[in-house]
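Heads up, run12.txt below (compact mmCIF, N, CA and C atoms):
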```
# COMPACT_ATOMS: atom_id res chain seq x y z
N MET L 1 135.92 94.17 107.77
CA MET L 1 135.25 94.89 106.70
C MET L 1 133.89 94.25 106.40
N MET L 2 133.88 92.92 106.34
CA MET L 2 132.63 92.23 106.02
C MET L 2 131.59 92.42 107.13
N THR L 3 132.04 92.48 108.38
CA THR L 3 131.08 92.68 109.48
C THR L 3 130.44 94.06 109.40
N LYS L 4 131.20 95.07 108.95
CA LYS L 4 130.61 96.40 108.80
C LYS L 4 129.56 96.40 107.69
N ILE L 5 129.83 95.70 106.61
CA ILE L 5 128.86 95.63 105.51
C ILE L 5 127.59 94.93 105.99
N PHE L 6 127.76 93.84 106.75
CA PHE L 6 126.60 93.13 107.27
C PHE L 6 125.84 93.99 108.27
N SER L 7 126.53 94.78 109.07
CA SER L 7 125.86 95.66 110.03
C SER L 7 125.04 96.71 109.30
N VAL L 8 125.61 97.30 108.27
CA VAL L 8 124.88 98.32 107.50
C VAL L 8 123.70 97.68 106.79
N ALA L 9 123.90 96.52 106.19
CA ALA L 9 122.80 95.84 105.50
C ALA L 9 121.68 95.48 106.48
N LEU L 10 122.02 95.03 107.67
CA LEU L 10 121.01 94.71 108.67
C LEU L 10 120.27 95.96 109.11
N GLY L 11 120.98 97.07 109.25
CA GLY L 11 120.33 98.33 109.60
C GLY L 11 119.36 98.78 108.53
N ILE L 12 119.75 98.64 107.27
CA ILE L 12 118.87 99.03 106.17
C ILE L 12 117.63 98.14 106.15
N LEU L 13 117.82 96.84 106.30
CA LEU L 13 116.67 95.92 106.31
C LEU L 13 115.75 96.20 107.49
N THR L 14 116.32 96.52 108.64
CA THR L 14 115.50 96.86 109.80
C THR L 14 114.71 98.13 109.56
N ALA L 15 115.35 99.13 108.97
CA ALA L 15 114.66 100.39 108.68
C ALA L 15 113.52 100.18 107.69
N ILE L 16 113.76 99.37 106.67
CA ILE L 16 112.71 99.09 105.70
C ILE L 16 111.58 98.32 106.38
N GLY L 17 111.92 97.36 107.21
CA GLY L 17 110.90 96.57 107.91
C GLY L 17 110.06 97.40 108.85
N GLY L 18 110.62 98.48 109.36
CA GLY L 18 109.86 99.34 110.26
C GLY L 18 108.88 100.24 109.54
N PHE L 19 109.11 100.50 108.27
CA PHE L 19 108.25 101.44 107.55
C PHE L 19 107.40 100.79 106.48
N VAL L 20 107.78 99.64 105.99
CA VAL L 20 107.02 98.98 104.94
C VAL L 20 106.33 97.78 105.56
N ASP L 21 105.02 97.88 105.71
CA ASP L 21 104.28 96.76 106.26
C ASP L 21 103.35 96.20 105.18
N ILE L 22 102.56 95.23 105.53
CA ILE L 22 101.73 94.55 104.55
C ILE L 22 100.70 95.49 103.95
N GLY L 23 100.22 96.45 104.72
CA GLY L 23 99.25 97.41 104.18
C GLY L 23 99.85 98.24 103.07
N ASP L 24 101.10 98.66 103.26
CA ASP L 24 101.78 99.42 102.22
C ASP L 24 101.96 98.58 100.96
N LEU L 25 102.36 97.35 101.14
CA LEU L 25 102.58 96.49 99.97
C LEU L 25 101.30 96.25 99.19
N VAL L 26 100.20 95.98 99.90
CA VAL L 26 98.92 95.72 99.23
C VAL L 26 98.43 96.99 98.54
N THR L 27 98.50 98.12 99.22
CA THR L 27 98.04 99.38 98.63
C THR L 27 98.86 99.73 97.40
N ASN L 28 100.18 99.61 97.50
CA ASN L 28 101.03 99.93 96.35
C ASN L 28 100.77 98.98 95.19
N THR L 29 100.49 97.72 95.47
CA THR L 29 100.19 96.76 94.42
C THR L 29 98.89 97.10 93.71
N VAL L 30 97.86 97.44 94.48
CA VAL L 30 96.56 97.78 93.88
C VAL L 30 96.67 99.06 93.05
N VAL L 31 97.33 100.07 93.62
CA VAL L 31 97.48 101.33 92.88
C VAL L 31 98.32 101.11 91.62
N GLY L 32 99.37 100.30 91.73
CA GLY L 32 100.19 100.01 90.56
C GLY L 32 99.43 99.28 89.48
N SER L 33 98.53 98.37 89.88
CA SER L 33 97.76 97.65 88.87
C SER L 33 96.72 98.54 88.21
N ARG L 34 96.25 99.54 88.90
CA ARG L 34 95.24 100.43 88.32
C ARG L 34 95.84 101.57 87.50
N PHE L 35 96.92 102.14 87.99
CA PHE L 35 97.45 103.36 87.37
C PHE L 35 98.83 103.19 86.75
N GLY L 36 99.42 102.02 86.84
CA GLY L 36 100.75 101.81 86.28
C GLY L 36 101.78 102.62 87.07
N LEU L 37 102.70 103.22 86.35
CA LEU L 37 103.75 104.00 87.01
C LEU L 37 103.42 105.49 87.10
N ALA L 38 102.18 105.86 86.82
CA ALA L 38 101.80 107.27 86.84
C ALA L 38 101.89 107.86 88.25
N LEU L 39 101.72 107.06 89.27
CA LEU L 39 101.74 107.56 90.64
C LEU L 39 102.97 107.11 91.43
N VAL L 40 104.01 106.68 90.76
CA VAL L 40 105.20 106.23 91.48
C VAL L 40 105.85 107.40 92.23
N TRP L 41 105.63 108.62 91.77
CA TRP L 41 106.19 109.79 92.45
C TRP L 41 105.64 109.93 93.86
N VAL L 42 104.41 109.47 94.08
CA VAL L 42 103.81 109.55 95.41
C VAL L 42 104.58 108.66 96.39
N VAL L 43 104.95 107.48 95.94
CA VAL L 43 105.72 106.56 96.79
C VAL L 43 107.08 107.17 97.11
N VAL L 44 107.71 107.77 96.11
CA VAL L 44 109.03 108.38 96.33
C VAL L 44 108.93 109.53 97.33
N VAL L 45 107.93 110.40 97.17
CA VAL L 45 107.74 111.52 98.11
C VAL L 45 107.43 110.99 99.51
N GLY L 46 106.61 109.95 99.58
CA GLY L 46 106.29 109.37 100.89
C GLY L 46 107.50 108.78 101.59
N VAL L 47 108.34 108.08 100.85
CA VAL L 47 109.54 107.49 101.45
C VAL L 47 110.50 108.59 101.92
N ILE L 48 110.64 109.64 101.12
CA ILE L 48 111.51 110.75 101.54
C ILE L 48 110.95 111.41 102.79
N GLY L 49 109.63 111.60 102.84
CA GLY L 49 109.01 112.17 104.02
C GLY L 49 109.20 111.32 105.26
N ILE L 50 109.06 110.01 105.12
CA ILE L 50 109.27 109.10 106.25
C ILE L 50 110.72 109.17 106.72
N CYS L 51 111.66 109.21 105.78
CA CYS L 51 113.08 109.30 106.14
C CYS L 51 113.38 110.59 106.89
N LEU L 52 112.84 111.70 106.41
CA LEU L 52 113.07 112.98 107.08
C LEU L 52 112.45 112.99 108.48
N TYR L 53 111.23 112.45 108.59
CA TYR L 53 110.58 112.41 109.91
C TYR L 53 111.36 111.51 110.87
N ALA L 54 111.80 110.36 110.41
CA ALA L 54 112.55 109.45 111.28
C ALA L 54 113.85 110.10 111.73
N ASN L 55 114.52 110.82 110.85
CA ASN L 55 115.75 111.51 111.20
C ASN L 55 115.47 112.58 112.25
N MET L 56 114.43 113.39 112.02
CA MET L 56 114.09 114.45 112.95
C MET L 56 113.66 113.89 114.30
N ALA L 57 112.84 112.85 114.28
CA ALA L 57 112.36 112.27 115.53
C ALA L 57 113.51 111.67 116.33
N GLY L 58 114.45 111.05 115.66
CA GLY L 58 115.61 110.50 116.35
C GLY L 58 116.47 111.58 116.98
N ARG L 59 116.65 112.68 116.27
CA ARG L 59 117.45 113.79 116.81
C ARG L 59 116.75 114.43 118.00
N VAL L 60 115.44 114.64 117.89
CA VAL L 60 114.69 115.24 118.99
C VAL L 60 114.74 114.35 120.22
N ALA L 61 114.56 113.05 120.03
CA ALA L 61 114.59 112.12 121.16
C ALA L 61 115.99 112.05 121.78
N ALA L 62 117.02 112.09 120.95
CA ALA L 62 118.38 112.01 121.47
C ALA L 62 118.75 113.26 122.28
N VAL L 63 118.34 114.42 121.80
CA VAL L 63 118.69 115.67 122.48
C VAL L 63 117.86 115.87 123.74
N SER L 64 116.54 115.61 123.65
CA SER L 64 115.66 115.89 124.78
C SER L 64 115.58 114.74 125.78
N GLY L 65 115.88 113.53 125.34
CA GLY L 65 115.76 112.37 126.22
C GLY L 65 114.32 111.94 126.41
N ARG L 66 113.42 112.46 125.59
CA ARG L 66 112.00 112.12 125.68
C ARG L 66 111.51 111.67 124.31
N ALA L 67 110.40 110.95 124.30
CA ALA L 67 109.82 110.48 123.04
C ALA L 67 109.24 111.65 122.27
N THR L 68 109.29 111.56 120.95
CA THR L 68 108.80 112.65 120.10
C THR L 68 107.32 112.91 120.33
N PHE L 69 106.51 111.86 120.43
CA PHE L 69 105.08 112.06 120.63
C PHE L 69 104.78 112.67 121.99
N GLU L 70 105.62 112.41 122.98
CA GLU L 70 105.45 113.04 124.29
C GLU L 70 105.62 114.55 124.18
N ILE L 71 106.60 114.98 123.41
CA ILE L 71 106.84 116.41 123.22
C ILE L 71 105.70 117.03 122.41
N ILE L 72 105.24 116.35 121.38
CA ILE L 72 104.13 116.86 120.58
C ILE L 72 102.89 117.00 121.44
N ARG L 73 102.61 116.00 122.27
CA ARG L 73 101.45 116.04 123.15
C ARG L 73 101.55 117.20 124.14
N GLU L 74 102.76 117.46 124.62
CA GLU L 74 102.96 118.56 125.57
C GLU L 74 102.71 119.91 124.90
N ARG L 75 103.18 120.06 123.67
CA ARG L 75 103.03 121.34 122.97
C ARG L 75 101.62 121.57 122.45
N LEU L 76 100.99 120.53 121.92
CA LEU L 76 99.68 120.69 121.29
C LEU L 76 98.53 120.33 122.21
N GLY L 77 98.78 119.72 123.34
CA GLY L 77 97.70 119.29 124.22
C GLY L 77 97.16 117.93 123.80
N LEU L 78 96.26 117.42 124.60
CA LEU L 78 95.72 116.09 124.33
C LEU L 78 94.71 116.11 123.19
N GLY L 79 93.91 117.16 123.10
CA GLY L 79 92.92 117.22 122.03
C GLY L 79 91.84 116.17 122.21
N PRO L 80 91.06 115.92 121.17
CA PRO L 80 90.00 114.92 121.30
C PRO L 80 90.58 113.52 121.45
N ARG L 81 90.04 112.80 122.38
CA ARG L 81 90.52 111.44 122.62
C ARG L 81 89.46 110.45 122.17
N PRO L 82 89.88 109.28 121.77
CA PRO L 82 88.88 108.27 121.38
C PRO L 82 88.10 107.81 122.60
N PRO L 83 86.87 107.38 122.39
CA PRO L 83 86.08 106.92 123.54
C PRO L 83 86.71 105.68 124.17
N THR L 84 86.56 105.56 125.45
CA THR L 84 87.10 104.40 126.17
C THR L 84 85.96 103.51 126.61
N TRP L 85 86.31 102.26 126.83
CA TRP L 85 85.31 101.30 127.31
C TRP L 85 84.96 101.64 128.76
N PRO L 86 83.69 101.42 129.14
CA PRO L 86 83.34 101.64 130.54
C PRO L 86 84.11 100.68 131.45
N ARG L 87 84.61 101.18 132.52
CA ARG L 87 85.37 100.34 133.44
C ARG L 87 84.48 99.90 134.59
N ARG L 88 84.74 98.69 135.05
CA ARG L 88 84.05 98.21 136.24
C ARG L 88 84.72 98.81 137.46
N SER L 89 83.91 99.13 138.42
CA SER L 89 84.52 99.67 139.64
C SER L 89 85.17 98.53 140.41
N SER L 90 86.31 98.80 141.00
CA SER L 90 87.06 97.76 141.71
C SER L 90 86.65 97.69 143.18
N SER L 91 85.62 98.43 143.56
CA SER L 91 85.23 98.43 144.97
C SER L 91 84.32 97.28 145.33
N THR L 92 83.92 96.45 144.37
CA THR L 92 83.01 95.34 144.68
C THR L 92 83.72 94.17 145.26
```
What would the structure in this file look like if it were written as structure tokens?
Amino acid sequence: MMTKIFSVALGILTAIGGFVDIGDLVTNTVVGSRFGLALVWVVVVGVIGICLYANMAGRVAAVSGRATFEIIRERLGLGPRPPTWPRRSSST
């Protein structure tokens, strides 16, 4: 029983670690210091959105056997790409 609790707790901590990084913490701290709890609803909506996207992306990847971004790229095309550094020719 205790190992199941630890497994679930580790999964929750891993999920939080994957979505909450230092940028989120700093941004939330600055916004909280400026606006108090007036914008806490934005964080709640964002977390729910991330959870829904992660659930959907996991299901799509499990069913199709391909990465979610690979499928999005296939459906929407490559679109504008960022500029790349000039490459040296390897014929020298």
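Put simply, atom CA of L:Ala62 is 18.0 Å away from atom CA of L:Arg75.
Take atom CA of L:Glu74 and atom C of L:Gly49: the distance between them is 22.4 Å.
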Requested in this report: Could you pull out the residues in stretch 18-51 of chain L that DSSP calls alpha helix (DSSP H) from the backbone, as a ChimeraX atom specification?
Outcome: /L:18-19,22-35,40-51
Query raised in the report: Suppose you want the space between atom C of L:Phe35 and atom N of L:Val47; what is it in Å?
Result: 17.7 Å
